[in-house]
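Text of work_23.cif, listed as mmCIF, C-alpha atoms:
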data_coords
#
loop_
_atom_site.label_atom_id
_atom_site.label_comp_id
_atom_site.auth_asym_id
_atom_site.auth_seq_id
_atom_site.Cartn_x
_atom_site.Cartn_y
_atom_site.Cartn_z
CA MET M 1 77.12 -105.71 124.08
CA GLY M 2 74.07 -103.61 123.23
CA VAL M 3 72.60 -101.11 125.65
CA LEU M 4 69.66 -103.48 126.34
CA SER M 5 71.83 -106.57 126.77
CA GLY M 6 70.46 -108.77 129.57
CA TYR M 7 66.81 -107.84 129.03
CA ARG M 8 64.43 -110.55 127.87
CA VAL M 9 61.43 -109.67 125.70
CA ILE M 10 58.61 -111.88 124.40
CA GLU M 11 57.09 -110.84 121.07
CA LEU M 12 53.70 -112.23 120.10
CA ALA M 13 54.10 -112.27 116.31
CA GLY M 14 52.22 -109.75 114.21
CA ILE M 15 52.93 -107.44 111.27
CA GLY M 16 54.25 -103.91 110.86
CA PRO M 17 54.90 -101.90 114.00
CA GLY M 18 55.17 -104.80 116.46
CA PRO M 19 57.96 -106.55 114.54
CA MET M 20 59.80 -103.26 113.98
CA CYS M 21 59.66 -102.48 117.69
CA ALA M 22 61.04 -105.95 118.40
CA MET M 23 63.76 -105.40 115.79
CA LEU M 24 64.80 -102.13 117.43
CA LEU M 25 64.97 -103.71 120.88
CA SER M 26 66.96 -106.64 119.48
CA ASP M 27 69.38 -104.38 117.60
CA MET M 28 70.06 -102.64 120.92
CA GLY M 29 70.98 -105.94 122.55
CA ALA M 30 67.77 -107.33 124.06
CA ASP M 31 67.11 -111.07 123.85
CA VAL M 32 63.80 -110.97 121.99
CA LEU M 33 61.94 -114.24 121.49
CA ARG M 34 59.30 -114.24 118.75
CA ILE M 35 56.25 -116.44 119.33
CA ASP M 36 55.09 -117.47 115.86
CA ARG M 37 52.12 -119.53 114.77
CA THR M 38 52.53 -123.20 113.88
CA ALA M 39 50.79 -122.59 110.53
CA ASP M 40 50.96 -119.75 108.01
CA VAL M 41 47.86 -117.56 108.35
CA GLY M 42 48.54 -115.49 105.24
CA LEU M 43 49.23 -112.04 106.63
CA GLY M 44 49.63 -110.85 103.05
CA ILE M 45 52.70 -108.60 103.29
CA ALA M 46 55.64 -110.87 104.16
CA ALA M 47 58.25 -111.68 101.54
CA THR M 48 58.09 -115.20 100.15
CA ASP M 49 61.84 -115.60 100.77
CA ASN M 50 62.28 -115.29 104.51
CA ARG M 51 65.71 -113.64 104.11
CA TYR M 52 63.93 -110.45 103.08
CA ASN M 53 61.53 -110.25 106.04
CA LEU M 54 63.98 -107.80 107.57
CA LEU M 55 61.70 -106.65 110.39
CA ASN M 56 62.09 -110.18 111.79
CA ARG M 57 65.86 -109.95 112.03
CA GLY M 58 67.82 -110.36 115.23
CA ARG M 59 65.71 -112.80 117.20
CA ARG M 60 64.86 -116.47 117.53
CA SER M 61 61.46 -117.89 116.67
CA VAL M 62 59.34 -120.36 118.62
CA ALA M 63 56.22 -121.76 116.94
CA LEU M 64 53.33 -122.46 119.33
CA ASP M 65 49.67 -123.27 118.74
CA LEU M 66 48.08 -120.68 121.02
CA LYS M 67 44.69 -122.37 120.68
CA ARG M 68 46.00 -125.07 123.00
CA PRO M 69 46.09 -124.44 126.78
CA GLU M 70 49.47 -126.14 127.02
CA ALA M 71 50.94 -123.57 124.65
CA ILE M 72 49.41 -120.72 126.66
CA GLU M 73 50.92 -122.17 129.83
CA ALA M 74 54.27 -122.40 128.06
CA VAL M 75 54.13 -118.69 127.22
CA LEU M 76 53.16 -117.85 130.80
CA LYS M 77 56.11 -119.86 132.06
CA MET M 78 58.35 -117.73 129.85
CA VAL M 79 56.59 -114.58 131.03
CA GLU M 80 57.84 -115.36 134.53
CA LYS M 81 61.40 -114.85 133.25
CA ALA M 82 60.73 -111.98 130.87
CA ASP M 83 61.22 -108.26 131.39
CA ALA M 84 58.69 -107.25 128.76
CA LEU M 85 56.07 -108.63 126.38
CA ILE M 86 54.82 -106.89 123.25
CA GLU M 87 51.69 -107.72 121.26
CA GLY M 88 49.86 -106.16 118.32
CA PHE M 89 46.40 -107.72 118.37
CA ARG M 90 43.05 -105.94 118.49
CA PRO M 91 41.84 -105.06 122.00
CA GLY M 92 40.68 -108.10 123.96
CA VAL M 93 42.38 -110.77 121.83
CA THR M 94 45.18 -111.63 124.26
CA GLU M 95 42.66 -111.62 127.12
CA ARG M 96 40.60 -114.23 125.28
CA LEU M 97 43.73 -116.27 124.64
CA GLY M 98 44.58 -116.21 128.34
CA LEU M 99 47.61 -113.97 127.83
CA GLY M 100 46.14 -110.61 128.80
CA PRO M 101 48.07 -108.16 130.96
CA ASP M 102 46.29 -109.06 134.21
CA THR M 103 47.07 -112.75 133.77
CA CYS M 104 50.67 -112.15 132.73
CA MET M 105 51.37 -109.64 135.48
CA LYS M 106 50.06 -112.04 138.10
CA ARG M 107 52.83 -114.36 137.00
CA ASN M 108 55.38 -111.52 136.84
CA PRO M 109 54.46 -108.27 138.63
CA ARG M 110 57.51 -106.49 137.15
CA LEU M 111 56.49 -107.21 133.55
CA ILE M 112 56.20 -104.33 131.07
CA TYR M 113 53.28 -105.26 128.82
CA GLY M 114 53.46 -103.36 125.52
CA ARG M 115 50.28 -103.15 123.46
CA MET M 116 50.34 -101.94 119.85
CA THR M 117 47.05 -101.08 118.16
CA GLY M 118 45.85 -98.68 115.51
CA TRP M 119 43.02 -96.97 117.40
CA GLY M 120 43.99 -97.67 121.01
CA GLN M 121 42.58 -99.97 123.68
CA GLU M 122 39.28 -98.11 123.94
CA GLY M 123 37.14 -95.63 122.02
CA PRO M 124 34.37 -95.85 119.40
CA MET M 125 36.74 -97.26 116.75
CA ALA M 126 38.89 -99.45 118.99
CA LEU M 127 37.64 -102.75 117.58
CA ALA M 128 37.56 -101.74 113.91
CA ALA M 129 40.11 -103.01 111.41
CA GLY M 130 42.53 -100.50 109.98
CA HIS M 131 45.96 -99.84 108.53
CA ASP M 132 48.52 -97.05 108.59
CA ILE M 133 46.65 -94.99 105.99
CA ASN M 134 43.53 -94.94 108.18
CA TYR M 135 45.29 -94.02 111.42
CA ILE M 136 47.20 -91.11 109.91
CA ALA M 137 43.97 -89.99 108.21
CA LEU M 138 42.26 -89.64 111.58
CA SER M 139 45.21 -87.78 113.13
CA GLY M 140 45.28 -84.95 110.60
CA ALA M 141 48.64 -86.06 109.21
CA LEU M 142 47.45 -87.51 105.90
CA HIS M 143 45.37 -84.43 105.06
CA SER M 144 48.52 -82.32 105.38
CA ILE M 145 50.72 -84.32 103.01
CA GLY M 146 50.41 -83.59 99.31
CA ARG M 147 50.54 -80.85 96.73
CA THR M 148 48.17 -77.97 96.27
CA GLY M 149 45.03 -78.87 94.34
CA ASP M 150 45.77 -82.57 94.57
CA LYS M 151 44.63 -85.37 96.89
CA PRO M 152 46.59 -86.40 100.00
CA VAL M 153 49.59 -88.68 99.38
CA PRO M 154 50.26 -91.59 101.78
CA PRO M 155 53.92 -91.35 102.90
CA LEU M 156 54.41 -95.11 102.52
CA ASN M 157 53.55 -96.55 105.96
CA LEU M 158 56.24 -94.59 107.76
CA VAL M 159 54.09 -92.20 109.80
CA GLY M 160 51.56 -94.61 111.32
CA ASP M 161 53.12 -98.07 111.46
CA PHE M 162 56.70 -97.10 112.12
CA GLY M 163 57.03 -93.48 113.29
CA GLY M 164 53.79 -93.27 115.27
CA GLY M 165 53.67 -96.97 116.13
CA ALA M 166 56.92 -98.92 116.49
CA LEU M 167 59.01 -96.03 117.79
CA TYR M 168 56.44 -94.99 120.40
CA LEU M 169 56.00 -98.57 121.55
CA ALA M 170 59.77 -99.03 121.84
CA LEU M 171 60.10 -95.78 123.78
CA GLY M 172 57.24 -96.80 126.05
CA VAL M 173 58.73 -100.23 126.74
CA VAL M 174 62.18 -98.84 127.52
CA ALA M 175 60.71 -96.11 129.73
CA GLY M 176 58.64 -98.73 131.52
CA LEU M 177 61.74 -100.85 132.12
CA LEU M 178 63.54 -97.83 133.61
CA GLU M 179 60.63 -97.04 135.93
CA ALA M 180 60.30 -100.68 137.01
CA GLN M 181 63.88 -100.57 138.25
CA LYS M 182 62.80 -97.90 140.75
CA SER M 183 59.33 -99.12 141.69
CA GLY M 184 59.70 -102.88 141.28
CA LYS M 185 56.35 -102.83 139.47
CA GLY M 186 55.40 -103.41 135.86
CA GLN M 187 52.71 -101.67 133.86
CA VAL M 188 50.85 -101.66 130.56
CA VAL M 189 52.03 -99.49 127.67
CA ASP M 190 49.09 -98.55 125.41
CA ALA M 191 50.69 -97.44 122.13
CA ALA M 192 48.14 -96.47 119.48
CA MET M 193 49.19 -95.46 115.99
CA VAL M 194 46.58 -92.70 115.81
CA ASP M 195 48.01 -91.24 119.04
CA GLY M 196 51.59 -91.54 117.80
CA ALA M 197 50.81 -90.00 114.42
CA ALA M 198 49.05 -87.10 116.17
CA SER M 199 52.05 -86.68 118.46
CA LEU M 200 54.36 -86.49 115.44
CA MET M 201 52.18 -83.61 114.20
CA THR M 202 52.67 -81.54 117.38
CA ALA M 203 54.81 -78.83 115.80
CA ILE M 204 52.47 -78.55 112.79
CA TYR M 205 49.45 -78.18 115.06
CA GLY M 206 51.33 -75.41 116.86
CA MET M 207 51.97 -73.56 113.61
CA HIS M 208 48.37 -74.12 112.57
CA GLY M 209 47.09 -72.68 115.82
CA SER M 210 49.30 -69.61 115.48
CA GLY M 211 48.11 -68.91 111.95
CA MET M 212 51.45 -69.79 110.36
CA TRP M 213 50.05 -72.95 108.77
CA ASN M 214 47.25 -72.97 106.22
CA ASP M 215 44.94 -76.00 106.41
CA GLU M 216 45.14 -76.25 102.61
CA ARG M 217 47.73 -78.73 101.37
CA GLY M 218 50.77 -77.52 99.46
CA GLU M 219 50.59 -73.89 100.62
CA ASN M 220 52.98 -74.01 103.57
CA ILE M 221 56.69 -74.06 104.25
CA LEU M 222 57.13 -77.80 104.74
CA ASP M 223 54.50 -79.24 102.37
CA THR M 224 55.98 -78.06 99.02
CA GLY M 225 54.23 -74.70 99.20
CA ALA M 226 57.52 -72.82 99.54
CA HIS M 227 59.93 -72.70 96.62
CA TYR M 228 62.88 -73.11 99.00
CA TYR M 229 61.60 -76.40 100.49
CA GLU M 230 60.90 -78.53 97.46
CA VAL M 231 61.99 -81.35 95.18
CA TYR M 232 63.15 -80.30 91.71
CA GLU M 233 63.64 -82.35 88.57
CA THR M 234 67.00 -82.18 86.82
CA LYS M 235 68.02 -82.38 83.17
CA ASP M 236 68.50 -86.17 83.31
CA LYS M 237 65.02 -86.73 84.81
CA LYS M 238 66.38 -87.28 88.29
CA PHE M 239 65.66 -85.11 91.32
CA VAL M 240 67.29 -82.98 94.01
CA SER M 241 65.95 -81.75 97.34
CA ILE M 242 66.22 -78.20 98.63
CA GLY M 243 65.49 -77.17 102.24
CA SER M 244 66.80 -73.59 102.51
CA ILE M 245 64.47 -72.43 105.29
CA GLU M 246 66.81 -70.16 107.28
CA ALA M 247 67.72 -66.82 105.70
CA LYS M 248 71.47 -67.56 105.62
CA PHE M 249 70.84 -70.87 103.87
CA TYR M 250 68.49 -69.18 101.41
CA GLU M 251 71.23 -66.68 100.60
CA GLU M 252 73.51 -69.63 99.82
CA LEU M 253 70.84 -71.09 97.54
CA LEU M 254 70.63 -67.84 95.62
CA ARG M 255 74.42 -67.60 95.37
CA LEU M 256 75.13 -71.12 94.15
CA SER M 257 72.11 -71.22 91.84
CA GLY M 258 73.25 -68.02 90.14
CA LEU M 259 70.23 -65.95 91.21
CA LYS M 260 72.04 -63.72 93.69
CA GLY M 261 72.21 -60.14 92.51
CA GLU M 262 68.89 -60.23 90.69
CA GLU M 263 65.95 -58.19 91.91
CA LEU M 264 63.98 -60.85 93.77
CA PRO M 265 60.98 -60.82 96.12
CA ARG M 266 61.43 -61.40 99.85
CA GLN M 267 61.90 -65.04 100.80
CA GLN M 268 58.73 -65.10 102.94
CA ASP M 269 56.52 -63.26 100.45
CA ARG M 270 54.02 -66.08 99.96
CA GLN M 271 52.41 -64.42 96.95
CA SER M 272 55.70 -64.79 95.10
CA TRP M 273 56.28 -68.45 95.95
CA PRO M 274 54.61 -69.88 92.79
CA LYS M 275 56.64 -67.64 90.45
CA MET M 276 59.87 -68.37 92.32
CA LYS M 277 59.12 -72.08 92.18
CA GLU M 278 58.64 -71.83 88.42
CA ARG M 279 61.96 -70.01 88.17
CA LEU M 280 63.79 -72.67 90.17
CA THR M 281 62.03 -75.45 88.27
CA ASN M 282 63.45 -74.18 84.99
CA LEU M 283 66.83 -73.53 86.56
CA PHE M 284 67.29 -77.04 87.91
CA LEU M 285 66.20 -78.52 84.59
CA SER M 286 69.26 -76.89 83.02
CA LYS M 287 71.77 -79.30 84.60
CA THR M 288 71.95 -82.98 85.49
CA ARG M 289 71.65 -84.21 89.06
CA ASP M 290 75.38 -84.95 89.21
CA GLU M 291 76.19 -81.46 87.94
CA TRP M 292 74.06 -79.89 90.67
CA CYS M 293 75.69 -82.17 93.24
CA LYS M 294 79.11 -80.83 92.24
CA ILE M 295 77.82 -77.31 92.78
CA MET M 296 75.67 -77.71 95.88
CA GLU M 297 76.34 -80.95 97.76
CA GLY M 298 78.09 -80.32 101.07
CA SER M 299 77.17 -76.62 101.06
CA ASP M 300 74.90 -74.83 103.54
CA ILE M 301 72.02 -74.71 101.08
CA CYS M 302 70.52 -77.80 102.77
CA PHE M 303 70.76 -79.87 99.62
CA ALA M 304 70.80 -83.57 98.82
CA PRO M 305 70.21 -85.65 95.72
CA VAL M 306 67.03 -87.74 95.77
CA LEU M 307 68.40 -91.27 95.75
CA SER M 308 66.62 -94.48 94.92
CA MET M 309 66.84 -97.45 97.29
CA THR M 310 69.39 -98.93 94.92
CA GLU M 311 71.51 -95.78 95.01
CA ALA M 312 71.29 -94.86 98.71
CA PRO M 313 73.57 -97.62 100.09
CA LYS M 314 76.25 -96.59 97.56
CA HIS M 315 76.40 -92.90 98.47
CA PRO M 316 79.82 -91.95 99.95
CA HIS M 317 78.31 -90.50 103.13
CA ASN M 318 76.20 -93.58 103.82
CA LYS M 319 79.16 -95.84 103.04
CA HIS M 320 81.43 -93.88 105.39
CA ARG M 321 78.97 -94.14 108.27
CA GLY M 322 77.95 -97.70 107.56
CA THR M 323 74.31 -96.60 107.41
CA PHE M 324 73.56 -99.69 105.36
CA VAL M 325 74.96 -103.13 106.11
CA GLU M 326 74.83 -106.54 104.50
CA THR M 327 73.61 -109.43 106.63
CA GLY M 328 72.74 -112.87 105.31
CA GLY M 329 73.44 -111.64 101.79
CA VAL M 330 70.82 -108.87 102.04
CA VAL M 331 71.65 -105.15 102.01
CA GLN M 332 69.60 -103.37 104.66
CA PRO M 333 69.60 -100.36 107.00
CA GLY M 334 71.87 -100.90 109.99
CA PRO M 335 70.91 -100.36 113.64
CA ALA M 336 70.06 -96.86 114.83
CA PRO M 337 70.69 -94.88 116.97
CA ARG M 338 74.37 -95.37 117.78
CA PHE M 339 75.96 -95.78 121.20
CA SER M 340 79.59 -94.96 122.01
CA ARG M 341 80.22 -97.67 124.62
CA THR M 342 77.58 -100.34 123.98
CA PRO M 343 77.19 -100.49 120.19
CA SER M 344 74.08 -101.98 118.64
CA ALA M 345 74.30 -104.87 116.18
CA ILE M 346 72.09 -107.17 114.12
CA GLN M 347 72.15 -110.36 116.17
CA ARG M 348 71.09 -112.76 113.39
CA PRO M 349 69.23 -112.84 110.05
CA PRO M 350 65.42 -113.23 110.05
CA ALA M 351 64.37 -116.58 111.46
CA ARG M 352 61.96 -118.98 109.81
CA PRO M 353 58.81 -119.38 111.92
CA GLY M 354 59.61 -122.01 114.52
CA GLU M 355 63.26 -122.28 113.50
CA HIS M 356 64.48 -122.23 117.10
CA THR M 357 61.48 -123.75 118.90
CA GLU M 358 63.14 -126.39 121.02
CA GLU M 359 66.51 -124.66 121.30
CA ALA M 360 64.94 -121.46 122.62
CA LEU M 361 62.50 -123.24 124.93
CA ARG M 362 65.41 -125.10 126.51
CA ASP M 363 67.18 -121.78 127.07
CA TRP M 364 64.05 -120.43 128.74
CA GLY M 365 63.98 -123.30 131.24
CA PHE M 366 62.02 -126.08 129.54
CA GLY M 367 63.36 -129.59 130.16
CA ALA M 368 63.19 -132.68 127.96
CA THR M 369 59.95 -133.86 129.61
CA ASP M 370 58.34 -130.44 129.08
CA LEU M 371 59.24 -130.48 125.39
CA ASP M 372 58.01 -134.03 124.96
CA ASN M 373 54.66 -133.12 126.52
CA LEU M 374 54.32 -130.05 124.27
CA ARG M 375 54.99 -132.20 121.22
CA LYS M 376 52.53 -134.90 122.25
CA CYS M 377 49.66 -132.46 122.76
CA GLY M 378 50.40 -130.58 119.53
CA ALA M 379 51.36 -127.29 121.19
CA ILE M 380 54.53 -127.44 119.11
CA ALA M 381 54.88 -129.31 115.85
CA THR M 382 56.44 -132.77 115.89
CA GLY M 383 59.91 -132.45 114.47
CA SER M 384 59.68 -128.69 114.97
CA PRO M 385 62.44 -126.73 113.17
CA GLY M 386 65.39 -126.16 115.44
CA LYS M 387 65.03 -129.55 117.12
#
Turn the structure described in the file into structure tokens.
Amino acid sequence: MGVLSGYRVIELAGIGPGPMCAMLLSDMGADVLRIDRTADVGLGIAATDNRYNLLNRGRRSVALDLKRPEAIEAVLKMVEKADALIEGFRPGVTERLGLGPDTCMKRNPRLIYGRMTGWGQEGPMALAAGHDINYIALSGALHSIGRTGDKPVPPLNLVGDFGGGALYLALGVVAGLLEAQKSGKGQVVDAAMVDGAASLMTAIYGMHGSGMWNDERGENILDTGAHYYEVYETKDKKFVSIGSIEAKFYEELLRLSGLKGEELPRQQDRQSWPKMKERLTNLFLSKTRDEWCKIMEGSDICFAPVLSMTEAPKHPHNKHRGTFVETGGVVQPGPAPRFSRTPSAIQRPPARPGEHTEEALRDWGFGATDLDNLRKCGAIATGSPGK
């Protein structure tokens, strides 16, 4: 029933942003088929229990040995029926395999070919290895995240892999599918994490250019420089978040914190920010997190408790909205965004590599003779899971 129901997508297995993009497309209803390797190559980040490889949820897995020409031909046969293909290899790898965009689009001129890399398809660093931390470093994002006088703090791998990578690739693929409906032609989507991370920084670059943003960490409104946009510890060694940027919200912060009526500096007097932060630090230490929640939660302060991953699924707001769901015995974030008429859903738990090899190949048009030939030449494992 999802908004992308009826679309077929081939995912050449990788790690990080590629799988998350595939997960998003699957959650929105696309039939995404993951092409896994026939042997574990030790990618180093996957959970040992496959149930917890949540980025792999929602799609079936076919295991093919892409070093064999018969396996490459099998993928190309599926390409003929696909709407999109996504891959996350370094530039030139799929070309050497025989699955590059030119080859695939000869078989299917309407194909949207999504490419996910760190540095992009060309440029001085295009062929270098890297991870999220490196891509956001080059974009200016990492430099901007941290406290004054301290080193930059990597924001997990949310900005490069997922925000600047998976989401931009998913947007590019969907936009390409929309355009192909009008033109009848496919195209290549070049999604680079360094580009996406830079794009996420657009508003900050605007403030920097105008002089509103200091290039020193921890001295600005959104980077913990301001006392009214900060995380504060509470009496029970937990934390709360405050984001009272607008004047009317700041007034509410002063009222509910008990500071209203005192002679205080102007909100935007940057020279006073350190002293006001010290004042608020001591104030929030006077009560527990739950006590502050009773006072401030649901108000216009722009307040929320800082919840752990154990606590977040249990919060009443998240429970009401079903923000977290349980699938296959594992609590996890549910699909987002939400659609009123064609709701998204998790189609199935994460598949074991090759779990659906023969089942899925049959659904994609492979007959008994085709499967027998693929087994005999070793393109798929004999007795492949899902047989």
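Applied to the file shown here, the PyMOL selection byres ((chain M and resi 67) around 12) selects Arg37, Thr38, Ala39, Leu64, Asp65, Leu66, Arg68, Pro69, Glu70, Ala71, Ile72, Glu73, Val93, Thr94, Arg96, Leu97, Gly98, Leu99, Cys377, Gly378, Ala379 and Ile380 of chain M.
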Identify which of the residues M:Leu283, M:Ile35, M:Cys21, M:Ala128 lies closest to Gly165 in chain M, counting all atoms listed in the file when measuring atom-to-atom distances.
M:Cys21
Sel. within 10 Å of pt (70.0, -68.1, 96.0), counting only C-alpha atoms, output as a PyMOL selection string
chain M and resi 228+244+248-262+264+267+280+301
Restricted to C-alpha atoms, what would the selected residues look like written as an mmCIF file, keeping the file's coordinate frame?
data_model
loop_
_atom_site.group_PDB
_atom_site.id
_atom_site.type_symbol
_atom_site.label_atom_id
_atom_site.label_comp_id
_atom_site.auth_asym_id
_atom_site.auth_seq_id
_atom_site.Cartn_x
_atom_site.Cartn_y
_atom_site.Cartn_z
ATOM 1 C CA TYR M 228 62.880 -73.110 99.000
ATOM 2 C CA SER M 244 66.800 -73.590 102.510
ATOM 3 C CA LYS M 248 71.470 -67.560 105.620
ATOM 4 C CA PHE M 249 70.840 -70.870 103.870
ATOM 5 C CA TYR M 250 68.490 -69.180 101.410
ATOM 6 C CA GLU M 251 71.230 -66.680 100.600
ATOM 7 C CA GLU M 252 73.510 -69.630 99.820
ATOM 8 C CA LEU M 253 70.840 -71.090 97.540
ATOM 9 C CA LEU M 254 70.630 -67.840 95.620
ATOM 10 C CA ARG M 255 74.420 -67.600 95.370
ATOM 11 C CA LEU M 256 75.130 -71.120 94.150
ATOM 12 C CA SER M 257 72.110 -71.220 91.840
ATOM 13 C CA GLY M 258 73.250 -68.020 90.140
ATOM 14 C CA LEU M 259 70.230 -65.950 91.210
ATOM 15 C CA LYS M 260 72.040 -63.720 93.690
ATOM 16 C CA GLY M 261 72.210 -60.140 92.510
ATOM 17 C CA GLU M 262 68.890 -60.230 90.690
ATOM 18 C CA LEU M 264 63.980 -60.850 93.770
ATOM 19 C CA GLN M 267 61.900 -65.040 100.800
ATOM 20 C CA LEU M 280 63.790 -72.670 90.170
ATOM 21 C CA ILE M 301 72.020 -74.710 101.080
#
With the PyMOL selection byres ((chain M and resi 320-335) around 10) as the selection, what would be picked from this file? Answer as an MDAnalysis selection string, please.
chainID M and resid 23:28 51:52 54 57 309:310 312:319 336:338 343:350
Return the single residue from M:Glu11, M:Pro17, M:Arg60, M:Glu179 that is closest to Ala360 in chain M, with distances computed using only C-alpha atoms.
M:Arg60
Separation of CA of Gly2 in chain M from CA of Met20 in chain M, in Å and rounded to one decimal:
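Result for CA of Gly2 in chain M versus CA of Met20 in chain M: 17.0 Å, one decimal.
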Selection as a list in words: residues within 7 Å of (59.2, -111.2, 116.0), counting only C-alpha atoms
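Output: Glu11, Leu12, Ala13, Pro19, Ala22, Leu33, Arg34, Ile35, Asn56 and Arg59 of chain M.
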Output, as JSON, the centre and edge lengths in Å (one decimal) of the axis-aligned box that contains all listed atoms of range 305-317 of chain M with 5 Å of margin on each side.
{"center_x": 73.2, "center_y": -92.3, "center_z": 99.0, "size_x": 23.2, "size_y": 23.3, "size_z": 18.2}
Just want the 8 Å neighbourhood of Ser144 in chain M, counted on all atoms listed in the file, with same-chain residues fewer than 6 positions away dropped. Output as number ranges by chain.
M: 152, 215-218, 223
Separation of CA of Gly130 in chain M from CA of Asp49 in chain M, in Å and rounded to one decimal
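One can read the CA of Gly130 in chain M to CA of Asp49 in chain M distance as 26.2 Å.
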Can you take range 361-367 of chain M from the block and write all heavy atoms as a PDB file, in the first residue's frame?
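Result went into selection-v6.pdb, see below:
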ATOM      1  N   LEU M 361      14.501 -14.875  -7.335  1.00  0.00           N
ATOM      2  CA  LEU M 361      14.855 -14.998  -8.747  1.00  0.00           C
ATOM      3  C   LEU M 361      13.683 -15.522  -9.564  1.00  0.00           C
ATOM      4  O   LEU M 361      13.449 -15.078 -10.695  1.00  0.00           O
ATOM      5  CB  LEU M 361      16.076 -15.899  -8.905  1.00  0.00           C
ATOM      6  CG  LEU M 361      17.415 -15.314  -8.426  1.00  0.00           C
ATOM      7  CD1 LEU M 361      18.519 -16.351  -8.537  1.00  0.00           C
ATOM      8  CD2 LEU M 361      17.783 -14.062  -9.222  1.00  0.00           C
ATOM      9  N   ARG M 362      12.928 -16.462  -9.008  1.00  0.00           N
ATOM     10  CA  ARG M 362      11.736 -16.937  -9.721  1.00  0.00           C
ATOM     11  C   ARG M 362      10.746 -15.797  -9.938  1.00  0.00           C
ATOM     12  O   ARG M 362      10.164 -15.653 -11.017  1.00  0.00           O
ATOM     13  CB  ARG M 362      11.081 -18.085  -8.940  1.00  0.00           C
ATOM     14  CG  ARG M 362      11.785 -19.425  -9.097  1.00  0.00           C
ATOM     15  CD  ARG M 362      10.934 -20.567  -8.565  1.00  0.00           C
ATOM     16  NE  ARG M 362      10.773 -20.477  -7.114  1.00  0.00           N
ATOM     17  CZ  ARG M 362      11.565 -21.089  -6.241  1.00  0.00           C
ATOM     18  NH1 ARG M 362      12.598 -21.809  -6.658  1.00  0.00           N
ATOM     19  NH2 ARG M 362      11.359 -20.970  -4.942  1.00  0.00           N
ATOM     20  N   ASP M 363      10.566 -14.964  -8.908  1.00  0.00           N
ATOM     21  CA  ASP M 363       9.634 -13.838  -9.034  1.00  0.00           C
ATOM     22  C   ASP M 363      10.101 -12.808 -10.056  1.00  0.00           C
ATOM     23  O   ASP M 363       9.293 -12.066 -10.605  1.00  0.00           O
ATOM     24  CB  ASP M 363       9.443 -13.154  -7.676  1.00  0.00           C
ATOM     25  CG  ASP M 363       8.599 -13.982  -6.716  1.00  0.00           C
ATOM     26  OD1 ASP M 363       8.005 -14.981  -7.170  1.00  0.00           O
ATOM     27  OD2 ASP M 363       8.541 -13.623  -5.523  1.00  0.00           O
ATOM     28  N   TRP M 364      11.409 -12.763 -10.287  1.00  0.00           N
ATOM     29  CA  TRP M 364      11.960 -11.816 -11.262  1.00  0.00           C
ATOM     30  C   TRP M 364      12.125 -12.466 -12.645  1.00  0.00           C
ATOM     31  O   TRP M 364      12.816 -11.931 -13.501  1.00  0.00           O
ATOM     32  CB  TRP M 364      13.294 -11.261 -10.769  1.00  0.00           C
ATOM     33  CG  TRP M 364      13.113 -10.162  -9.744  1.00  0.00           C
ATOM     34  CD1 TRP M 364      12.629 -10.290  -8.480  1.00  0.00           C
ATOM     35  CD2 TRP M 364      13.414  -8.768  -9.912  1.00  0.00           C
ATOM     36  NE1 TRP M 364      12.613  -9.076  -7.837  1.00  0.00           N
ATOM     37  CE2 TRP M 364      13.095  -8.118  -8.687  1.00  0.00           C
ATOM     38  CE3 TRP M 364      13.945  -8.004 -10.958  1.00  0.00           C
ATOM     39  CZ2 TRP M 364      13.261  -6.749  -8.503  1.00  0.00           C
ATOM     40  CZ3 TRP M 364      14.118  -6.630 -10.758  1.00  0.00           C
ATOM     41  CH2 TRP M 364      13.777  -6.011  -9.548  1.00  0.00           C
ATOM     42  N   GLY M 365      11.510 -13.626 -12.849  1.00  0.00           N
ATOM     43  CA  GLY M 365      11.437 -14.187 -14.192  1.00  0.00           C
ATOM     44  C   GLY M 365      12.396 -15.310 -14.514  1.00  0.00           C
ATOM     45  O   GLY M 365      12.505 -15.714 -15.673  1.00  0.00           O
ATOM     46  N   PHE M 366      13.107 -15.841 -13.519  1.00  0.00           N
ATOM     47  CA  PHE M 366      14.046 -16.927 -13.766  1.00  0.00           C
ATOM     48  C   PHE M 366      13.314 -18.264 -13.653  1.00  0.00           C
ATOM     49  O   PHE M 366      12.621 -18.522 -12.662  1.00  0.00           O
ATOM     50  CB  PHE M 366      15.212 -16.882 -12.768  1.00  0.00           C
ATOM     51  CG  PHE M 366      16.148 -15.736 -12.990  1.00  0.00           C
ATOM     52  CD1 PHE M 366      15.798 -14.450 -12.615  1.00  0.00           C
ATOM     53  CD2 PHE M 366      17.386 -15.948 -13.583  1.00  0.00           C
ATOM     54  CE1 PHE M 366      16.658 -13.383 -12.814  1.00  0.00           C
ATOM     55  CE2 PHE M 366      18.258 -14.885 -13.787  1.00  0.00           C
ATOM     56  CZ  PHE M 366      17.893 -13.593 -13.416  1.00  0.00           C
ATOM     57  N   GLY M 367      13.471 -19.123 -14.666  1.00  0.00           N
ATOM     58  CA  GLY M 367      12.844 -20.432 -14.651  1.00  0.00           C
ATOM     59  C   GLY M 367      13.726 -21.469 -13.992  1.00  0.00           C
ATOM     60  O   GLY M 367      14.859 -21.203 -13.573  1.00  0.00           O
TER      61      GLY M 367
END
